[in-house]
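Enquirer: This structure is in structure tokens; I'll ask about it shortly.
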Amino acid sequence: MIEVVNLCKSFGDNNVLKNISTTIKKGEKVVVIGPSGSGKSTFLRCLNCMEDPTSGSIIFGGVDIADPKVDINIHRQKMGMVFQHFNLFNNKTVIENIMMAPVYVATKKLKKQKRNNTLIALHLKKGTPEKIDTSVQKIKEQAHDKAIELLKRIGLEDKADAYPSSLSGGQKQRVAIIRSLAMDPDVILFDEPTSALDPEMVGEVLDLMKDLANQGMTMVVVTHEMGFAKEVATRVIFMDDGRMIEEGSPEEFFVNPKTERCKDFLSKVLV
Amino acid sequence: MNNFAFNVERFFDILINKGGYKEVLEGLLNTMIIAVGGLLIGIVIGTLIATVRVMPKYKAAIRVMDKICSFYVGFFRGTPMVVQLLVFYFVLLPLLGIKLTSVAVAIVVFGLNSGAYISEIMRGGILSVDPGQMEGGRSVGLSYSTTMLKVVIPQAVKNILPTMGNEFIALVKETSVVSFIGAKDLYLTFQNIGNATYEYMVPYLSMAIIYIVVVCLITVLIKVMERRLRKSDRGR
């Protein structure tokens, strides 16, 4: 689904990612772990070009999205992302947060169709006019219904009209997860989703993520939650100093790491 | 003191019996039209410039636009408003052969001028919004401009509202220089009244009071707006 080829990223003279290549298949749950500053967050942010790669390519849906000529917005709609600090829109209510992107994308498409049809009607363009069976009103209703459905799934439908500032950290992160789900993404990228949460709230977010994993969502997760990695991951990637040191199934990685660096890391993390 | 009482009496006689209040109202209206029109144009120009100046500078076109914008801001902040008014009205318009009333010219020049100041206020406001807001918008596939318009700028506006109030109040008071190009504002009206009677104290004091009242009203207005925009901060 995502093919990373010779990905390099540097900030000035600082080479953060050094020649990373890997393939993420449909349905895989890849957990990326490693010490701070190892480049794991940068790697994740390069996957949807939140950081532009310095060199190398990222093939997603058959297109190299690292190419600056590609319209990245279209591809990002199919690649959800969840951040450490939630990044919900503070000036929008919970339900507006969820509805915003789907409504925007659908109305944009509708406007384009209407424009096309007008051009054809005026004989400025060849072709047959497309039949339009929707309206802005309908799009909003559909998005609203879907948002409510998603909110029910996480049990927060009573918070639909609240602003993010009135939610707890765990609630914010769960809303952020369903905000990305509202676009029906093919893959969701998680950038340390539980690192900014109270210990009490980590569980509810991890539960939702496990739930998603069980439903077959493709996930790439950067995290320090080793328990989650053991339980959910189909593959673990260990990164250090901008390189992929080791990758493998969680069983072999946690029980029987191949390299000294991994053994060292795990001995410090798993007590 | 008798003299003062006499002056007050004569002033109100001019104001009420001789139709002076019409002139004052017209002057006040012009002052407000110039200030509000200038502010609105300024907000549009300022927002555009601020948006260009905070854009990531990968593309050459954006770098060129950024240079143009910084020249614009440098020019309008670097020369006095009076000079801009005079140059616009007595040099630029005849040169281009355009005829505009002095009030229209004043609105345009005030808009261009406050646009330069507002752009910096706005830029500060945009930079004060957490970069994560932009990332959040981009991550769900919204474009840079949509995220800017729907998410970042509304939050920036909330942050800069007190400073914008400052700018508006300064603009209202600065309109007193438009008499240089013959636009009839509050100041020119009261000066005319003073000229007619050779007595300036009462008219100028009255003018000061009107300015204070207007500024107080604006202050209240901004407070109300701020309270409404802060809605999303408190939660419900």
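How things are named: the first chain in the structure tokens is A, the next is B, and so on; residues count from 1 in each chain; ligands count from 1 in the order shown.
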As a ChimeraX atom specification, could you give me every residue of chain A near chain B (at most 10 Å apart, counting only C-alpha atoms)?
Expert: /A:45,48-50,71-93,97-98,100-102,104-105,159,161-167,176,179-183,185,189
Enquirer: Report, in Å to a single decimal, how far apart atom CA of Leu156 of chain A and atom CA of Asp186 of chain A are.
Expert: 24.1 Å
Enquirer: Choose the residue, out of A:Glu3, A:Glu157, A:Val232, A:Lys146, that has the smallest atom-to-atom separation from Asp211 of chain A; count only C-alpha atoms.
Expert: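 Answer, going by the shortest atom-to-atom distance: A:Val232.
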Enquirer: Can you list, as an NGL selection string, all residues belonging to segment 100-259 of chain A that DSSP tags as alpha helix (DSSP H)?
Expert: :A and (100-121 or 136-153 or 169-181 or 199-214 or 226-232 or 250-255)
Enquirer: Using only C-alpha atoms, which residues sit within 10 Å of Asp66 of chain B once same-chain residues fewer than 5 positions away are excluded, as a list of chain:residue names?
Expert: B:Ile49, B:Ala50, B:Thr51, B:Val52, B:Arg53, B:Val54, B:Met55, B:Lys57, B:Ala60, B:Ala61, B:Phe71, B:Tyr72
Enquirer: For N, CA, C and O atoms, I'd like the residues from the last selection saved as a short mmCIF file (atom, residue, chain, number, x, y, z; two decimals), in the first residue's frame.
Expert:
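After the write, result-v4.cif holds the following:
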data_model
loop_
_atom_site.label_atom_id
_atom_site.label_comp_id
_atom_site.auth_asym_id
_atom_site.auth_seq_id
_atom_site.Cartn_x
_atom_site.Cartn_y
_atom_site.Cartn_z
N ILE B 49 -1.71 40.34 2.72
CA ILE B 49 -0.25 40.49 2.87
C ILE B 49 0.28 39.54 3.94
O ILE B 49 1.28 38.85 3.74
N ALA B 50 -0.44 39.48 5.07
CA ALA B 50 0.02 38.62 6.16
C ALA B 50 0.07 37.18 5.70
O ALA B 50 1.02 36.44 6.01
N THR B 51 -0.95 36.74 4.92
CA THR B 51 -0.98 35.36 4.45
C THR B 51 0.22 35.07 3.56
O THR B 51 0.88 34.04 3.68
N VAL B 52 0.51 36.02 2.65
CA VAL B 52 1.68 35.83 1.77
C VAL B 52 2.95 35.74 2.60
O VAL B 52 3.80 34.88 2.37
N ARG B 53 3.05 36.59 3.62
CA ARG B 53 4.31 36.65 4.35
C ARG B 53 4.55 35.46 5.28
O ARG B 53 5.69 35.22 5.68
N VAL B 54 3.49 34.74 5.65
CA VAL B 54 3.73 33.56 6.48
C VAL B 54 3.81 32.27 5.67
O VAL B 54 4.08 31.21 6.20
N MET B 55 3.57 32.37 4.34
CA MET B 55 3.63 31.16 3.50
C MET B 55 5.04 30.58 3.50
O MET B 55 6.00 31.32 3.57
N LYS B 57 8.36 29.50 1.97
CA LYS B 57 8.95 30.18 0.80
C LYS B 57 9.70 29.20 -0.11
O LYS B 57 10.88 29.38 -0.38
N ALA B 60 9.53 30.31 -6.12
CA ALA B 60 10.08 31.62 -6.47
C ALA B 60 8.98 32.68 -6.49
O ALA B 60 9.17 33.80 -6.04
N ALA B 61 7.78 32.30 -7.00
CA ALA B 61 6.68 33.26 -7.11
C ALA B 61 6.32 33.82 -5.74
O ALA B 61 6.05 35.02 -5.59
N PHE B 71 7.99 45.51 0.62
CA PHE B 71 8.22 46.87 0.11
C PHE B 71 6.99 47.74 0.40
O PHE B 71 7.11 48.88 0.86
N TYR B 72 5.82 47.18 0.14
CA TYR B 72 4.55 47.90 0.39
C TYR B 72 4.46 48.34 1.85
O TYR B 72 4.19 49.50 2.14
#
Enquirer: Excluding Pro35 of chain A and its own-chain neighbours fewer than 3 positions away, which residues fall within 10 Å of it when counting only C-alpha atoms? Please give them as number ranges by chain.
Expert: A: 38-40, 224, 238-241, 265, 269
Enquirer: Using backbone DSSP assignments, extract all strand (DSSP E) residues from segment 14-204 of chain A; output them as a PyMOL selection string.
Expert: chain A and resi 14-24+29-33+55-60+63-64+79-82+187-191
Enquirer: My list of candidates is B:Gly165, B:Gly27, B:Gly20, B:Gly115. Which is closest to Tyr187 of chain B when distances are computed with only C-alpha atoms?
Expert: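 Looking only at the distances to Tyr187 of chain B, the closest residue turns out to be B:Gly27.
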Enquirer: Give me the residues within 12 Å of Ala208 of chain B as a ChimeraX atom specification, counting only C-alpha atoms and dropping any in the same chain fewer than 3 places off.
Expert: /B:173,176,186-187,190,201-205,211-215
Enquirer: Looking at only C-alpha atoms, which of A:Phe254, A:Thr42, A:Asn116, A:Ile59 is the one that sits closest to Thr22 of chain A?
Expert: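 Among the listed residues, the smallest separation from Thr22 of chain A belongs to A:Ile59.
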Enquirer: With only C-alpha atoms as the counted atoms, please give the residues lying no more than 10 Å from Ala35 of chain B, apart from itself and same-chain residues fewer than 2 positions off, as a ChimeraX atom specification.
Expert: /B:29-33,37-40,106-107,110-111,114,168-175
Enquirer: Could you jot down the atom CA of Lys18 of chain B to atom CA of Ile193 of chain B separation for me, Å, one decimal place?
Expert: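 Taking atom CA of Lys18 of chain B and atom CA of Ile193 of chain B, their separation equals 11.1 Å.
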Enquirer: List the neighbours of Pro257 of chain A out to 12 Å using only C-alpha atoms; skip same-chain residues closer than 2 positions along the sequence, and give me the result as a PyMOL selection string.
Expert: chain A and resi 236-238+245-255+259-267
Enquirer: For the atom pair atom CA of Leu150 of chain A and atom CA of Glu192 of chain A, what is the interatomic distance in Å to one decimal place?
Expert: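 These atoms are spaced 22.2 Å apart.
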